[in-house]
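Undergrad: One structure follows; several queries about it will come next.
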Number of protein chains: 2
Amino acid sequence: MTAPGSRMRAEIHEQPEAIQATLETATPMVRDLADRLRREGVEYVLIVARGTSDNAALYGLYMFGAVTMKLAATAAPSLLTCYDTQINLRKTFVLGVSQSGKATDVIEVLEAGRERGALTCALTNTSDSPICTAAEHVLLTHAHEETAVAATKTYTTALVVLHQLATLWAERQDLADQAQRVPERLHETLRLEPDIIDHAERFRFMETCHWLARGLNFCTAKEAALKMAECCYVVPSPFSTADFMHGPIATTSFGFPCFFVNPLGRTYAAVGEVVAAVEAQGAEIIMLSNADDMLQRARIALRLPDLPEECSPMAAAVVGQLLALYIALEKGLDPDQPRGLHKVTQTL
Amino acid sequence: MTAPGSRMRAEIHEQPEAIQATLETATPMVRDLADRLRREGVEYVLIVARGTSDNAALYGLYMFGAVTMKLAATAAPSLLTCYDTQINLRKTFVLGVSQSGKATDVIEVLEAGRERGALTCALTNTSDSPICTAAEHVLLTHAHEETAVAATKTYTTALVVLHQLATLWAERQDLADQAQRVPERLHETLRLEPDIIDHAERFRFMETCHWLARGLNFCTAKEAALKMAECCYVVPSPFSTADFMHGPIATTSFGFPCFFVNPLGRTYAAVGEVVAAVEAQGAEIIMLSNADDMLQRARIALRLPDLPEECSPMAAAVVGQLLALYIALEKGLDPDQPRGLHKVTQTL
């Protein structure tokens, strides 16, 4: 019997080392795959995943689009598993993401992709899992076993592999090298822990909140909201700030908690406009940013380390994990064992 | 000064006629475009939209995938508007959806698509709007002016145009013809109104809820949740039932309201399993279905008309609209004028 949240906490703190190990072990394999993708003139990327891995897929979608300049989509597995669609997938790269390697629908999409001429790859933390035989290529994160139900280190290590794949496919060694700084910056991020412990009590009775970001950090908003759903039973309401303005902003009453992820980068100004809009409604702003201007406007300011925008989701994810962990403990919940969830979920 | 919700109510009731008119006026144009898409061997579909139109885009994504068998993705506009991505779009069909025709980011993606060799099309309710000059093809819904902020008839008429495009592109005249039955079935659906008025009071203090569906009706879950966000200020939490099982189900405490959209069709059994899972948690089930078995298991049963699965989202959307309208009125809100929203939202 371990203390509530102790496994999740340990795994959160393992992330700098796990990312370091993943960079060392996965990058050579990533380079080979990137060479092949370029050689074969692959034009389209289809990513398939569920849960936390689907948020990693969302990061991949933006990286393949913004850096590799390929049309990337996340797949709807039901098209293949329920509707039995026969889609031609030549010139397409089908990437399945599953930390456990056992997501049945992800495996089925990889198998269908392989049959229909796609170049297939599995991204997983589990080297002897079924997903590894379903795909032609395998990329492994090096996070060791993850035992808390809420995924943490398998998420950030998946991000770093996707970062390497997108940048090396684009032959952007300069961008690829920037990931080397992530482990050290994550140590810095983890030092926010005492601060987050101090703030957690404020959210004891929070039942819902918005998580808002855009572009490369949209995945952070979705992943932090998912962590809060799993660990704190807070109803998740994550949005791209652009979509948020088209309707959901109406739900933001006075004092409503709005968590923003807005580090410096190409969506910084656009997100800033939405910060101003919810400020005008009297919302409570909790800000994850490395920009003084953003931090000064927040009720609670959580400073992100200085990292290039492409790497910022790795550090921002850690802040979301710590918030979910300590708010869960404040609510008397055990984030290692959320109700109704198991480490491996199988859907078809 | 009109009574609260009266414009939205009028527009909800205009839908059978608007769909009839749209089928008559748009289908010949759709047929020409479908012929061209087939002739030019277009392989990929990229749909770009915001808000309600983005939910119509989601319907298109499943229809183009399941019926037309093309790889379809919804675009992240920020890739072009913020990240300035240069993606090759030959052999790609870029479809922009905007009822007002003024969504700046949608227009920008269409223009970028045209520059990069895509076949472009605007789907709009406004014939003289900027989107019509941005795209090579224009498909018009025939819903007349929509004045309530919450979109209703422009949504269902967009669905019917997408239905026609996907089925005719696939040369499935048999499926295309099924849409002819929709106007009559919508009259039947609208007769649920007194029943929904009776039930609305129950939700007077509902602050959040899940909307759950899968496949072709995932768009219905998202659109109904968006309507409840806009009109009732209920924090929206829509999920594909498969994604829901990977984490968010943890938020479903005893008595939590779960709205299901589960008509007979290829995802019926998979959604049924999730109904059983939340039943086991003691959730309150509100069921939109045409299957007796599903309706019997619900606290509140709302019978959908008998329509083929491909057309069911049009009827299910109407039920979502009526729920949003009457719950808003019960809460003392005016769904014609939600706080912080305007009929046209511009984001970049």
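By order in the structure tokens, chains are A, B, ...; within a chain, residues start at 1; ligands start at 1, following the order shown.
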Mind checking which residues fall within 12 Å of Phe64 of chain A, counting only C-alpha atoms, ignoring those fewer than 4 positions away in the same chain, and posting them as number ranges by chain?

TA: A: 34, 42-47, 57-60, 68-74, 93, 95, 162-170, 216, 310; B: 76, 79, 83, 85-87

Undergrad: Just the alpha helix (DSSP H) stuff from segment 33-166 of chain B, please, per backbone DSSP, written as a ChimeraX atom specification.

TA: /B:33-39,51-66,78-81,104-115,130-134,153-166

Undergrad: For a test of reading the model, state the distance in Å between atom CA of Gln20 of chain A and atom CA of Pro183 of chain A, rounded to one decimal.

TA: 6.0 Å

Undergrad: Would you pick out the contacts of segment 318-334 of chain A at 6 Å or less, using only C-alpha atoms, so that residues sharing its chain but fewer than 5 positions from it are not included, and give the list as a PyMOL selection string?

TA: chain A and resi 4-5+200-201+204+224+227-228+231-232

Undergrad: With distances taken over only C-alpha atoms, which of A:Ala276, A:Leu304, A:Met63, A:Ile196 is nearest to chain B?

TA: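 Closest to chain B of all the choices is A:Met63.
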
Undergrad: Atom CA of Thr147 of chain A and atom CA of Gly340 of chain A, how far apart in Å?

TA: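 Calculated distance between atom CA of Gly340 of chain A and atom CA of Thr147 of chain A is 16.0 Å.
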
Undergrad: Using only C-alpha atoms, which residue out of A:Thr156, A:Leu175, A:Arg202, A:Arg303 lies closest to Pro16 of chain A?

TA: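 The shortest atom-to-atom distance to Pro16 of chain A comes from A:Thr156.
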
Undergrad: Quick one: residues within 8 Å of Ile285 of chain A, only C-alpha atoms, excluding same-chain residues fewer than 4 positions away - as a PyMOL selection string?

TA: chain A and resi 257-260+275+279+297-300

Undergrad: I'd like to know which of A:Ile286, A:Leu212, A:Leu226, A:Ala176 is closest to chain B, using only C-alpha atoms.

TA: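 Of A:Ile286, A:Leu212, A:Leu226, A:Ala176, the one nearest chain B is A:Leu226, counting only C-alpha atoms.
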
Undergrad: Output as a list in words all residues of segment 81-162 of chain B that backbone DSSP marks as strand (DSSP E or B).

TA: Thr92, Phe93, Val94, Leu95, Gly96, Val97, Leu119, Thr120, Cys121, Ala122, Leu123, Thr124, His137, Val138, Leu139 and Leu140 of chain B

Undergrad: Of the candidates A:Met287, A:His210, A:His13, A:Met245, which one gets nearest to Val274 of chain A if we count only C-alpha atoms?

TA: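 Closest candidate: A:Met245.
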
Undergrad: Near Leu23 of chain B, within 12 Å and counting only C-alpha atoms, which residues show up once chain neighbours fewer than 2 positions away are dropped, as a PyMOL selection string?

TA: chain B and resi 15-21+25-31+139-143+156-165+176-183

Undergrad: Could you write out the selected residues, including N, CA and C atoms, as a compact mmCIF listing (two decimals), in the first residue's frame?

TA:
# COMPACT_ATOMS: atom_id res chain seq x y z
N GLN B 15 -36.65 24.38 -40.29
CA GLN B 15 -35.67 23.45 -40.86
C GLN B 15 -36.21 22.47 -41.91
N PRO B 16 -37.38 21.89 -41.72
CA PRO B 16 -37.84 20.98 -42.78
C PRO B 16 -37.90 21.68 -44.14
N GLU B 17 -38.46 22.89 -44.14
CA GLU B 17 -38.58 23.63 -45.39
C GLU B 17 -37.20 24.04 -45.92
N ALA B 18 -36.31 24.46 -45.01
CA ALA B 18 -34.98 24.90 -45.44
C ALA B 18 -34.21 23.73 -46.05
N ILE B 19 -34.37 22.55 -45.48
CA ILE B 19 -33.68 21.38 -46.03
C ILE B 19 -34.27 21.02 -47.38
N GLN B 20 -35.59 21.08 -47.49
CA GLN B 20 -36.25 20.81 -48.78
C GLN B 20 -35.72 21.76 -49.85
N ALA B 21 -35.68 23.05 -49.51
CA ALA B 21 -35.21 24.05 -50.48
C ALA B 21 -33.75 23.84 -50.83
N THR B 25 -32.17 23.22 -54.53
CA THR B 25 -31.30 24.21 -55.18
C THR B 25 -29.84 23.79 -55.21
N ALA B 26 -29.36 23.09 -54.17
CA ALA B 26 -27.92 22.82 -54.09
C ALA B 26 -27.53 21.55 -54.82
N THR B 27 -28.42 20.57 -54.89
CA THR B 27 -28.00 19.26 -55.40
C THR B 27 -27.44 19.31 -56.84
N PRO B 28 -28.03 20.08 -57.77
CA PRO B 28 -27.40 20.14 -59.11
C PRO B 28 -25.96 20.65 -59.06
N MET B 29 -25.71 21.66 -58.24
CA MET B 29 -24.33 22.18 -58.11
C MET B 29 -23.43 21.14 -57.47
N VAL B 30 -23.97 20.45 -56.47
CA VAL B 30 -23.21 19.39 -55.81
C VAL B 30 -22.82 18.32 -56.83
N ARG B 31 -23.75 17.98 -57.71
CA ARG B 31 -23.49 16.92 -58.69
C ARG B 31 -22.35 17.32 -59.62
N LEU B 139 -21.05 26.25 -52.78
CA LEU B 139 -22.29 25.51 -52.54
C LEU B 139 -23.09 26.29 -51.51
N LEU B 140 -24.33 26.59 -51.86
CA LEU B 140 -25.16 27.42 -50.97
C LEU B 140 -26.22 26.58 -50.27
N THR B 141 -26.33 26.76 -48.97
CA THR B 141 -27.51 26.27 -48.28
C THR B 141 -28.63 27.28 -48.54
N HIS B 142 -29.84 26.85 -48.37
CA HIS B 142 -30.97 27.70 -48.73
C HIS B 142 -31.84 27.87 -47.49
N ALA B 143 -31.21 28.42 -46.42
CA ALA B 143 -31.89 28.51 -45.13
C ALA B 143 -32.47 29.90 -44.88
N THR B 156 -28.18 22.30 -40.04
CA THR B 156 -28.79 21.10 -40.64
C THR B 156 -28.78 21.17 -42.17
N THR B 157 -28.92 22.37 -42.72
CA THR B 157 -28.85 22.46 -44.18
C THR B 157 -27.42 22.23 -44.68
N ALA B 158 -26.43 22.62 -43.89
CA ALA B 158 -25.04 22.30 -44.27
C ALA B 158 -24.84 20.78 -44.25
N LEU B 159 -25.42 20.11 -43.25
CA LEU B 159 -25.30 18.64 -43.20
C LEU B 159 -25.88 18.02 -44.47
N VAL B 160 -27.01 18.53 -44.92
CA VAL B 160 -27.65 17.88 -46.07
C VAL B 160 -26.81 18.10 -47.34
N VAL B 161 -26.17 19.26 -47.45
CA VAL B 161 -25.30 19.47 -48.60
C VAL B 161 -24.09 18.54 -48.52
N LEU B 162 -23.52 18.39 -47.35
CA LEU B 162 -22.38 17.47 -47.20
C LEU B 162 -22.81 16.03 -47.49
N HIS B 163 -24.01 15.68 -47.07
CA HIS B 163 -24.55 14.35 -47.37
C HIS B 163 -24.62 14.13 -48.88
N GLN B 164 -25.15 15.12 -49.58
CA GLN B 164 -25.26 14.99 -51.03
C GLN B 164 -23.88 14.91 -51.69
N LEU B 165 -22.96 15.73 -51.21
CA LEU B 165 -21.63 15.75 -51.84
C LEU B 165 -20.91 14.42 -51.64
N ALA B 176 -27.89 9.01 -51.75
CA ALA B 176 -28.24 10.43 -51.96
C ALA B 176 -29.75 10.60 -51.86
N ASP B 177 -30.51 9.68 -52.44
CA ASP B 177 -31.97 9.80 -52.46
C ASP B 177 -32.59 9.75 -51.06
N GLN B 178 -31.89 9.11 -50.14
CA GLN B 178 -32.45 8.97 -48.79
C GLN B 178 -32.69 10.32 -48.12
N ALA B 179 -31.93 11.35 -48.53
CA ALA B 179 -32.10 12.67 -47.92
C ALA B 179 -33.47 13.26 -48.24
N GLN B 180 -34.10 12.77 -49.29
CA GLN B 180 -35.44 13.29 -49.64
C GLN B 180 -36.44 13.07 -48.51
N ARG B 181 -36.21 12.08 -47.67
CA ARG B 181 -37.14 11.76 -46.59
C ARG B 181 -36.94 12.66 -45.37
N VAL B 182 -35.82 13.41 -45.35
CA VAL B 182 -35.48 14.15 -44.14
C VAL B 182 -36.50 15.23 -43.76
N PRO B 183 -36.97 16.06 -44.71
CA PRO B 183 -37.91 17.12 -44.29
C PRO B 183 -39.12 16.56 -43.55

Undergrad: Which residue out of A:Thr2, A:Thr267, A:Ser253, A:Thr124 has the minimum interatomic distance to Gly282 of chain A when only C-alpha atoms are used?

TA: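 Smallest distance to Gly282 of chain A is found for A:Ser253.
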
Undergrad: With only C-alpha atoms as the counted atoms, please give the residues lying no more than 10 Å from Glu14 of chain A, apart from itself and same-chain residues fewer than 5 positions off, as a PyMOL selection string.

TA: chain A and resi 8-9+19+143-144+152-153+186-187

Undergrad: Take the residues from that selection and write them out as a compact mmCIF listing (two decimals), in the first residue's frame, keeping N, CA and C atoms.

TA:
# COMPACT_ATOMS: atom_id res chain seq x y z
N MET A 8 2.25 8.51 -8.97
CA MET A 8 2.16 9.58 -9.97
C MET A 8 3.25 10.63 -9.72
N ARG A 9 3.44 10.97 -8.43
CA ARG A 9 4.46 11.97 -8.11
C ARG A 9 5.85 11.49 -8.53
N ILE A 19 13.25 11.61 -20.49
CA ILE A 19 13.40 12.32 -21.77
C ILE A 19 14.84 12.21 -22.26
N ALA A 143 10.75 5.34 -20.99
CA ALA A 143 10.24 5.91 -19.74
C ALA A 143 10.19 4.87 -18.63
N HIS A 144 10.66 3.65 -18.88
CA HIS A 144 10.47 2.53 -17.94
C HIS A 144 8.99 2.34 -17.66
N THR A 152 2.01 10.15 -17.36
CA THR A 152 2.80 11.39 -17.25
C THR A 152 4.06 11.28 -18.11
N LYS A 153 4.99 10.43 -17.65
CA LYS A 153 6.29 10.36 -18.36
C LYS A 153 6.17 9.71 -19.73
N LEU A 186 13.23 20.90 -17.55
CA LEU A 186 12.18 20.20 -16.80
C LEU A 186 12.55 20.14 -15.31
N HIS A 187 13.83 20.02 -14.99
CA HIS A 187 14.23 20.11 -13.58
C HIS A 187 13.79 21.46 -13.01

Undergrad: Give me, as an NGL selection string, all polymer residues having an atom no more than 9 Å from segment 240-244 of chain B, counting only C-alpha atoms and skipping those fewer than 4 positions away in the same chain.

TA: (:A and (50-51 or 54 or 78 or 346-348)) or (:B and (211-215 or 217-218 or 221 or 248-250 or 270-271 or 274))

Undergrad: Could you turn the residues from that selection into a file that holds C-alpha atoms, as a JSON list (two decimals), in the first residue's frame?

TA:
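In the end it all went to result_3.json:
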[["chain", "number", "residue", "atom", "x", "y", "z"],
["A", 50, "ARG", "CA", -6.67, 7.42, -27.69],
["A", 51, "GLY", "CA", -6.66, 9.28, -24.39],
["A", 54, "ASP", "CA", -4.25, 11.22, -28.59],
["A", 78, "SER", "CA", -14.34, 4.01, -36.01],
["A", 346, "GLN", "CA", -9.50, -1.22, -24.97],
["A", 347, "THR", "CA", -12.06, 0.19, -27.40],
["A", 348, "LEU", "CA", -13.05, -0.89, -30.88],
["B", 211, "TRP", "CA", -22.89, 14.57, -24.57],
["B", 212, "LEU", "CA", -21.84, 11.17, -25.90],
["B", 213, "ALA", "CA", -21.98, 9.55, -29.32],
["B", 214, "ARG", "CA", -19.71, 8.04, -31.90],
["B", 215, "GLY", "CA", -19.02, 7.98, -35.61],
["B", 217, "ASN", "CA", -23.29, 11.25, -34.70],
["B", 218, "PHE", "CA", -20.16, 12.47, -32.91],
["B", 221, "ALA", "CA", -22.84, 15.37, -29.50],
["B", 248, "PRO", "CA", -13.12, 11.37, -18.89],
["B", 249, "ILE", "CA", -15.52, 8.67, -17.64],
["B", 250, "ALA", "CA", -13.89, 9.22, -14.22],
["B", 270, "ALA", "CA", -20.20, 0.20, -29.19],
["B", 271, "VAL", "CA", -22.11, 3.17, -27.76],
["B", 274, "VAL", "CA", -20.71, 2.93, -22.72]]

Undergrad: Calculated over only C-alpha atoms, which of the candidates A:Pro308, A:Gly96, A:Pro238, A:Pro313 has the smallest distance to chain B?

TA: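 Of all the options, A:Pro238 lies closest to chain B.
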
Undergrad: At what distance in Å, to one decimal, does atom CA of Phe239 of chain B lie from atom CA of Ala148 of chain A?

TA: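 Atom CA of Phe239 of chain B lies 23.5 Å from atom CA of Ala148 of chain A.
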